[in-house]
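Dropping work.cif in here (mmCIF, C-alpha atoms):
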data_data
loop_
_atom_site.label_atom_id
_atom_site.label_comp_id
_atom_site.auth_asym_id
_atom_site.auth_seq_id
_atom_site.Cartn_x
_atom_site.Cartn_y
_atom_site.Cartn_z
CA MET N 18 -12.17 9.54 17.47
CA ASN N 19 -14.92 8.60 15.04
CA LYS N 20 -14.29 4.94 14.13
CA ILE N 21 -14.54 5.44 10.38
CA SER N 22 -12.25 8.44 10.67
CA LEU N 23 -9.72 6.19 12.38
CA ILE N 24 -9.70 3.85 9.38
CA PHE N 25 -9.32 6.73 6.99
CA ALA N 26 -6.58 8.44 8.98
CA LEU N 27 -4.49 5.29 9.33
CA VAL N 28 -4.77 4.42 5.64
CA LEU N 29 -3.83 7.98 4.70
CA ILE N 30 -0.88 8.17 7.08
CA ILE N 31 0.49 4.89 5.74
CA GLY N 32 0.00 6.20 2.22
CA LEU N 33 1.87 9.46 2.88
CA SER N 34 4.70 8.06 5.00
CA PHE N 35 5.96 6.10 3.20
CA THR N 36 -10.62 -8.68 -17.39
CA GLY N 37 -13.79 -9.55 -15.84
CA CYS N 38 -14.26 -11.18 -12.51
CA LYS N 39 -12.98 -14.74 -12.42
CA SER N 40 -12.87 -17.32 -9.66
CA THR N 41 -9.62 -17.62 -7.75
CA ARG N 42 -7.78 -20.71 -6.54
CA LYS N 43 -5.73 -20.67 -3.37
CA ILE N 44 -2.06 -21.51 -3.82
CA ALA N 45 0.56 -22.35 -1.24
CA THR N 46 3.74 -20.61 -0.19
CA VAL N 47 6.66 -22.50 -1.72
CA GLU N 48 9.87 -23.15 0.16
CA ALA N 49 13.15 -22.21 -1.42
CA GLY N 50 14.41 -25.08 -3.53
CA GLY N 51 18.01 -24.04 -3.95
CA THR N 52 20.32 -21.06 -4.23
CA LYS N 53 20.08 -18.98 -7.40
CA ALA N 54 22.64 -16.58 -8.81
CA HIS N 55 22.06 -12.96 -7.72
CA ASP N 56 20.95 -11.53 -11.08
CA GLU N 57 19.01 -14.68 -11.96
CA PHE N 58 17.00 -14.35 -8.74
CA PHE N 59 16.02 -10.75 -9.43
CA ALA N 60 15.21 -11.47 -13.07
CA LEU N 61 12.83 -14.19 -11.86
CA ILE N 62 11.22 -11.98 -9.22
CA GLN N 63 10.58 -9.36 -11.90
CA LYS N 64 9.15 -11.97 -14.26
CA GLN N 65 6.84 -13.39 -11.57
CA ALA N 66 5.55 -9.96 -10.45
CA PHE N 67 1.80 -9.36 -10.67
CA LYS N 68 0.92 -7.93 -14.11
CA TYR N 69 -1.86 -5.38 -14.57
CA GLU N 70 -2.69 -2.07 -16.22
CA THR N 71 -5.76 -1.35 -14.09
CA LEU N 72 -6.97 -2.93 -10.87
CA THR N 73 -10.28 -2.67 -9.07
CA ALA N 74 -11.20 -4.49 -5.86
CA ARG N 75 -13.63 -4.58 -3.00
CA LEU N 76 -11.86 -4.67 0.36
CA ASN N 77 -12.93 -5.28 3.90
CA VAL N 78 -10.61 -3.24 6.09
CA ASP N 79 -10.13 -4.18 9.74
CA LEU N 80 -8.65 -1.46 11.91
CA ASN N 81 -6.88 -2.69 15.04
CA LEU N 82 -5.68 -0.29 17.70
CA PRO N 83 -5.11 -0.93 21.41
CA GLY N 84 -8.57 -1.20 22.94
CA ASN N 85 -10.36 -0.53 19.67
CA SER N 86 -11.20 -2.46 16.52
CA VAL N 87 -13.64 -1.75 13.72
CA SER N 88 -14.25 -2.83 10.12
CA SER N 89 -15.39 -1.02 7.01
CA ARG N 90 -15.86 -1.65 3.32
CA VAL N 91 -13.38 0.09 1.03
CA ASP N 92 -13.40 0.21 -2.77
CA LEU N 93 -10.03 0.39 -4.52
CA LYS N 94 -9.40 1.68 -8.06
CA MET N 95 -5.90 1.75 -9.51
CA VAL N 96 -4.41 2.82 -12.82
CA LYS N 97 -0.83 1.63 -13.00
CA ASP N 98 1.83 4.35 -12.69
CA SER N 99 -0.85 7.04 -12.64
CA ALA N 100 -3.14 7.09 -9.59
CA PHE N 101 -5.20 5.06 -7.18
CA GLN N 102 -8.29 5.83 -5.17
CA LEU N 103 -9.63 4.51 -1.86
CA SER N 104 -13.31 5.03 -1.09
CA VAL N 105 -14.41 4.32 2.50
CA GLN N 106 -18.04 3.12 2.61
CA PRO N 107 -18.92 1.90 6.12
CA PHE N 108 -22.64 1.34 5.61
CA LEU N 109 -25.06 0.82 2.72
CA GLY N 110 -22.42 1.71 0.15
CA ILE N 111 -22.46 5.37 1.25
CA GLU N 112 -19.07 7.01 0.83
CA VAL N 113 -17.82 9.03 3.80
CA PHE N 114 -14.17 9.52 2.78
CA ARG N 115 -12.23 9.36 -0.45
CA ALA N 116 -8.46 9.49 -0.86
CA GLU N 117 -6.93 9.81 -4.32
CA ILE N 118 -3.17 9.49 -4.55
CA SER N 119 -1.41 10.29 -7.82
CA VAL N 120 2.21 10.44 -8.91
CA ASP N 121 2.75 13.92 -7.47
CA SER N 122 -0.25 14.87 -5.35
CA VAL N 123 -2.97 13.75 -2.96
CA LYS N 124 -6.63 14.68 -2.66
CA VAL N 125 -8.80 13.80 0.33
CA ILE N 126 -12.55 14.39 0.50
CA ASP N 127 -14.29 14.27 3.88
CA ARG N 128 -17.99 14.04 3.09
CA MET N 129 -19.01 13.91 6.75
CA ASN N 130 -17.52 17.33 7.51
CA LYS N 131 -17.85 18.75 3.98
CA CYS N 132 -14.20 19.63 3.55
CA TYR N 133 -11.25 18.48 1.44
CA VAL N 134 -7.48 18.50 1.10
CA ALA N 135 -5.65 18.90 -2.22
CA ASP N 136 -1.90 19.34 -2.27
CA ASN N 137 1.33 18.07 -3.76
CA TYR N 138 3.91 15.97 -1.93
CA ALA N 139 6.48 18.76 -1.80
CA ASN N 140 4.17 20.87 0.34
CA LEU N 141 3.06 17.93 2.49
CA LYS N 142 6.55 16.63 3.26
CA GLY N 143 8.48 19.89 3.32
CA GLN N 144 12.12 19.63 2.30
CA THR N 145 12.87 16.23 3.89
CA PRO N 146 14.65 14.09 1.26
CA ILE N 147 12.43 11.01 1.60
CA ASP N 148 12.96 8.48 -1.20
CA PHE N 149 9.66 6.61 -0.71
CA ASN N 150 7.26 7.71 -3.46
CA PHE N 151 3.96 6.95 -5.23
CA TYR N 152 5.45 4.05 -7.18
CA ASN N 153 6.71 2.43 -3.97
CA LEU N 154 3.27 2.72 -2.35
CA GLN N 155 1.74 1.24 -5.50
CA ALA N 156 4.19 -1.66 -5.20
CA LEU N 157 3.11 -2.34 -1.60
CA PHE N 158 -0.53 -2.63 -2.66
CA THR N 159 0.31 -4.97 -5.56
CA ASN N 160 2.94 -7.25 -3.96
CA HIS N 161 5.93 -5.97 -5.92
CA LEU N 162 9.60 -5.59 -5.06
CA PHE N 163 10.74 -1.96 -5.35
CA LEU N 164 13.70 0.37 -5.02
CA PRO N 165 13.12 3.40 -2.77
CA GLY N 166 12.38 6.46 -4.86
CA GLN N 167 12.38 4.58 -8.18
CA GLN N 168 9.53 3.87 -10.59
CA GLU N 169 10.88 0.49 -11.66
CA ILE N 170 13.91 -1.76 -11.30
CA SER N 171 16.29 -2.21 -14.21
CA PRO N 172 18.77 -5.10 -14.48
CA LYS N 173 21.60 -2.61 -13.91
CA GLN N 174 20.12 -1.88 -10.47
CA TYR N 175 20.00 -5.48 -9.21
CA GLY N 176 23.37 -4.91 -7.56
CA ARG N 177 21.86 -2.36 -5.16
CA PHE N 178 20.07 -5.18 -3.33
CA GLU N 179 21.68 -7.47 -0.79
CA LEU N 180 20.41 -11.03 -1.17
CA LYS N 181 20.57 -13.79 1.42
CA GLN N 182 19.15 -17.19 0.44
CA GLU N 183 18.81 -19.50 3.42
CA GLY N 184 16.12 -21.77 4.79
CA LEU N 185 12.49 -21.22 3.85
CA ALA N 186 12.77 -17.79 2.27
CA ALA N 187 15.13 -15.37 0.61
CA GLU N 188 15.89 -12.07 2.38
CA ILE N 189 16.38 -8.93 0.27
CA ARG N 190 17.73 -5.71 1.79
CA VAL N 191 18.33 -2.19 0.51
CA LYS N 192 18.80 1.26 2.11
CA ASP N 193 17.66 4.68 0.94
CA VAL N 194 19.41 8.06 1.21
CA MET N 195 17.95 8.65 4.70
CA GLY N 196 19.30 5.35 5.96
CA LEU N 197 15.88 3.68 6.12
CA LEU N 198 16.26 -0.08 5.74
CA TYR N 199 13.86 -1.96 3.43
CA THR N 200 13.73 -5.71 4.02
CA PHE N 201 11.74 -8.02 1.74
CA LEU N 202 11.13 -11.74 2.21
CA ALA N 203 10.34 -13.95 -0.80
CA ASP N 204 9.47 -17.64 -1.14
CA GLY N 205 10.77 -20.27 -3.58
CA GLU N 206 8.52 -18.96 -6.37
CA GLU N 207 9.81 -15.41 -5.89
CA LYS N 208 6.52 -14.21 -4.36
CA ILE N 209 6.99 -11.35 -1.90
CA LEU N 210 5.83 -12.52 1.54
CA SER N 211 6.58 -9.36 3.52
CA THR N 212 8.07 -5.88 3.35
CA CYS N 213 9.51 -4.08 6.36
CA ILE N 214 10.58 -0.42 6.34
CA ALA N 215 12.62 0.51 9.43
CA GLU N 216 14.42 3.65 10.54
CA PRO N 217 18.20 3.44 11.18
CA SER N 218 17.77 2.91 14.94
CA ASN N 219 15.21 0.17 14.21
CA ARG N 220 12.92 1.68 16.85
CA TYR N 221 10.10 2.47 14.43
CA ALA N 222 9.05 0.32 11.48
CA LEU N 223 6.22 -0.38 9.07
CA GLN N 224 5.57 -4.10 8.57
CA TRP N 225 3.49 -5.15 5.52
CA ASP N 226 2.75 -8.90 5.35
CA TYR N 227 1.11 -10.83 2.50
CA ALA N 228 -0.97 -14.02 2.85
CA ASP N 229 -3.79 -16.08 1.32
CA PHE N 230 -2.26 -16.13 -2.17
CA ARG N 231 -4.83 -17.08 -4.79
CA LEU N 232 -4.56 -17.66 -8.49
CA GLY N 233 -6.69 -15.41 -10.66
CA ASP N 234 -6.10 -14.78 -14.39
CA GLY N 235 -3.16 -17.17 -14.05
CA GLN N 236 -1.33 -14.97 -11.55
CA PRO N 237 -0.83 -15.35 -7.80
CA PHE N 238 -2.06 -12.43 -5.70
CA PRO N 239 -2.22 -12.05 -1.89
CA MET N 240 -5.88 -11.62 -0.94
CA LYS N 241 -4.88 -10.67 2.61
CA MET N 242 -2.47 -7.91 3.59
CA ASP N 243 -1.62 -7.12 7.20
CA VAL N 244 -0.04 -3.72 7.90
CA GLN N 245 1.40 -2.91 11.32
CA VAL N 246 3.09 0.19 12.72
CA MET N 247 5.85 -1.02 15.03
CA LYS N 248 7.70 0.64 17.93
CA ASP N 249 10.53 -1.22 19.64
CA GLY N 250 9.29 -4.44 18.06
CA VAL N 251 5.75 -4.05 19.43
CA SER N 252 2.73 -3.28 17.26
CA GLN N 253 1.13 0.11 17.93
CA GLY N 254 -1.83 -0.73 15.71
CA GLY N 255 -2.54 -1.50 12.11
CA ILE N 256 -4.97 -2.52 9.43
CA THR N 257 -5.76 -5.79 7.69
CA LEU N 258 -6.91 -5.67 4.08
CA HIS N 259 -9.10 -8.52 2.81
CA PHE N 260 -9.43 -8.38 -0.99
CA SER N 261 -12.50 -9.65 -2.87
CA ARG N 262 -14.16 -9.13 -6.26
CA MET N 263 -10.80 -8.20 -7.78
CA GLN N 264 -10.61 -7.35 -11.49
CA THR N 265 -7.68 -6.46 -13.71
CA ASP N 266 -7.41 -4.61 -17.02
CA VAL N 267 -10.95 -3.27 -17.17
CA PRO N 268 -11.79 0.40 -17.87
CA VAL N 269 -11.41 2.52 -14.72
CA LYS N 270 -12.89 5.97 -14.20
CA MET N 271 -11.87 8.06 -11.21
CA ASP N 272 -14.09 10.94 -10.16
CA SER N 273 -12.06 13.48 -8.22
CA SER N 274 -14.56 16.35 -8.35
CA VAL N 275 -15.29 18.25 -5.13
CA PRO N 276 -18.68 19.84 -4.38
CA SER N 277 -18.45 23.64 -4.62
CA LYS N 278 -19.67 24.14 -1.04
CA TYR N 279 -16.90 22.04 0.50
CA LYS N 280 -14.21 23.93 2.41
CA ARG N 281 -10.56 23.44 1.49
CA ILE N 282 -8.30 22.79 4.49
CA THR N 283 -4.79 21.47 5.10
CA LEU N 284 -3.85 17.87 5.87
CA ALA N 285 -2.74 18.95 9.34
CA GLN N 286 -6.18 20.47 9.95
CA ILE N 287 -8.10 17.37 8.86
CA LEU N 288 -5.96 15.07 11.03
CA LYS N 289 -6.34 17.43 14.00
CA SER N 290 -10.11 17.46 13.43
CA LEU N 291 -10.22 13.67 13.33
CA GLY N 292 -8.18 13.43 16.48
CA SER N 293 -10.44 15.80 18.38
CA ASN N 294 -13.62 13.81 17.59
CA LYS N 295 -14.90 11.49 20.28
CA MET N 296 -16.01 7.92 19.67
#

Is it possible to express this structure as structure tokens?
Amino acid sequence: MNKISLIFALVLIIGLSFTGCKSTRKIATVEAGGTKAHDEFFALIQKQAFKYETLTARLNVDLNLPGNSVSSRVDLKMVKDSAFQLSVQPFLGIEVFRAEISVDSVKVIDRMNKCYVADNYANLKGQTPIDFNFYNLQALFTNHLFLPGQQEISPKQYGRFELKQEGLAAEIRVKDVMGLLYTFLADGEEKILSTCIAEPSNRYALQWDYADFRLGDGQPFPMKMDVQVMKDGVSQGGITLHFSRMQTDVPVKMDSSVPSKYKRITLAQILKSLGSNKM
């Protein structure tokens, strides 16, 4: 498989399954300092959550698969509760793939093969009642706690979470309608340290870890995110996202136009095409 295609495909599969630039200061993970009441804990985690209306960032993405690793530059643009865009630019700032994910649809442009995908989630997922949605994926990229299938968490919904406060971190658990288990770990400052989404048998899971928290615009943000696809507790491969040049609340313009000569295909076709390419 083409190495850049591998990066694109893995980012896309993860996405579908489930004020000026300022200097940043690294901050430490804080151990839990004592047990808090259930609702008090969730009120604090909501209060401490990263605040933004728009987000732009330059990322270096490391793809790690058995026997294969490669890196590429990726530009991220995000408009809260609306859409976000990933532009894969492996060399000289030349875009080869673009994925734009909105509240109800996805668009993928493959500039190497001059084709594109544009479809809504209902067609992509069929009739499977999966709770995980755009807002949950947005939360993963911005270090937020979330409820499966929900846009936000209201105080009335705090009771849906199980909370265990012991040792160095608090463990938060919740299940969706399909029985998928979502487990979050948070430190003593209510920063999310990891999110794990596991199927009922616990054979397959998606592990999303956060590290290298830095303070920018007065808010902590994890400049490193490690995402692993797990099978029977063993990583099958993943990606590491290294954030840099991050900006919040600046005007963001997303260009989703497709050249008229590009051929429209299905998601299944583009993934099959990527899989048939040789390295």

Inset, instruction - Kindly give the distance, in Å, that separates CA of Met247 in chain N and CA of Arg220 in chain N, rounded to a single decimal. - result: 7.8 Å

Please list as a compact mmCIF listing (two decimals) with C-alpha atoms, in the frame of the given file every residue within 8 Å of Pro237 in chain N, counting only C-alpha atoms and excluding residues in the same chain fewer than 3 positions away.
# COMPACT_ATOMS: atom_id res chain seq x y z
CA ILE N 44 -2.06 -21.51 -3.82
CA PHE N 67 1.80 -9.36 -10.67
CA PHE N 230 -2.26 -16.13 -2.17
CA ARG N 231 -4.83 -17.08 -4.79
CA LEU N 232 -4.56 -17.66 -8.49
CA GLY N 233 -6.69 -15.41 -10.66

Inset, instruction - Excluding Ile62 in chain N and residues on its chain fewer than 6 positions from it, collect all residues at most 12 Å away from it, counting only C-alpha atoms, and give them as a VMD selection string. - result: chain N and resid 53 55 to 56 160 to 163 170 172 175 187 189 201 to 209

Inset, instruction - For the structure provided, state which residues fall under the PyMOL selection byres ((chain N and resi 224) around 12), and present them as a ChimeraX atom specification. - result: /N:31,35,157,198-202,210-216,219,221-223,225-227,242-248,250-257

Inset, instruction - Run through the PyMOL selection byres ((chain N and resi 71-88) around 9) on the given coordinates and return the selected residues as a ChimeraX atom specification. - result: /N:20-21,23-24,27,69-70,89-97,101,107,252-269

With C-alpha atoms kept, could you save the residues just selected as a PDB file, in the coordinates of the input?
ATOM      1  CA  LYS N  20     -14.290   4.940  14.130  1.00  0.00           C
ATOM      2  CA  ILE N  21     -14.540   5.440  10.380  1.00  0.00           C
ATOM      3  CA  LEU N  23      -9.720   6.190  12.380  1.00  0.00           C
ATOM      4  CA  ILE N  24      -9.700   3.850   9.380  1.00  0.00           C
ATOM      5  CA  LEU N  27      -4.490   5.290   9.330  1.00  0.00           C
ATOM      6  CA  TYR N  69      -1.860  -5.380 -14.570  1.00  0.00           C
ATOM      7  CA  GLU N  70      -2.690  -2.070 -16.220  1.00  0.00           C
ATOM      8  CA  SER N  89     -15.390  -1.020   7.010  1.00  0.00           C
ATOM      9  CA  ARG N  90     -15.860  -1.650   3.320  1.00  0.00           C
ATOM     10  CA  VAL N  91     -13.380   0.090   1.030  1.00  0.00           C
ATOM     11  CA  ASP N  92     -13.400   0.210  -2.770  1.00  0.00           C
ATOM     12  CA  LEU N  93     -10.030   0.390  -4.520  1.00  0.00           C
ATOM     13  CA  LYS N  94      -9.400   1.680  -8.060  1.00  0.00           C
ATOM     14  CA  MET N  95      -5.900   1.750  -9.510  1.00  0.00           C
ATOM     15  CA  VAL N  96      -4.410   2.820 -12.820  1.00  0.00           C
ATOM     16  CA  LYS N  97      -0.830   1.630 -13.000  1.00  0.00           C
ATOM     17  CA  PHE N 101      -5.200   5.060  -7.180  1.00  0.00           C
ATOM     18  CA  PRO N 107     -18.920   1.900   6.120  1.00  0.00           C
ATOM     19  CA  SER N 252       2.730  -3.280  17.260  1.00  0.00           C
ATOM     20  CA  GLN N 253       1.130   0.110  17.930  1.00  0.00           C
ATOM     21  CA  GLY N 254      -1.830  -0.730  15.710  1.00  0.00           C
ATOM     22  CA  GLY N 255      -2.540  -1.500  12.110  1.00  0.00           C
ATOM     23  CA  ILE N 256      -4.970  -2.520   9.430  1.00  0.00           C
ATOM     24  CA  THR N 257      -5.760  -5.790   7.690  1.00  0.00           C
ATOM     25  CA  LEU N 258      -6.910  -5.670   4.080  1.00  0.00           C
ATOM     26  CA  HIS N 259      -9.100  -8.520   2.810  1.00  0.00           C
ATOM     27  CA  PHE N 260      -9.430  -8.380  -0.990  1.00  0.00           C
ATOM     28  CA  SER N 261     -12.500  -9.650  -2.870  1.00  0.00           C
ATOM     29  CA  ARG N 262     -14.160  -9.130  -6.260  1.00  0.00           C
ATOM     30  CA  MET N 263     -10.800  -8.200  -7.780  1.00  0.00           C
ATOM     31  CA  GLN N 264     -10.610  -7.350 -11.490  1.00  0.00           C
ATOM     32  CA  THR N 265      -7.680  -6.460 -13.710  1.00  0.00           C
ATOM     33  CA  ASP N 266      -7.410  -4.610 -17.020  1.00  0.00           C
ATOM     34  CA  VAL N 267     -10.950  -3.270 -17.170  1.00  0.00           C
ATOM     35  CA  PRO N 268     -11.790   0.400 -17.870  1.00  0.00           C
ATOM     36  CA  VAL N 269     -11.410   2.520 -14.720  1.00  0.00           C
TER      37      VAL N 269
END

Legend entry - Neighbour list for Ile282 in chain N as number ranges by chain, cut-off 7 Å, only C-alpha atoms, skip fewer than 4 positions in-chain: N: 132-134, 286-287
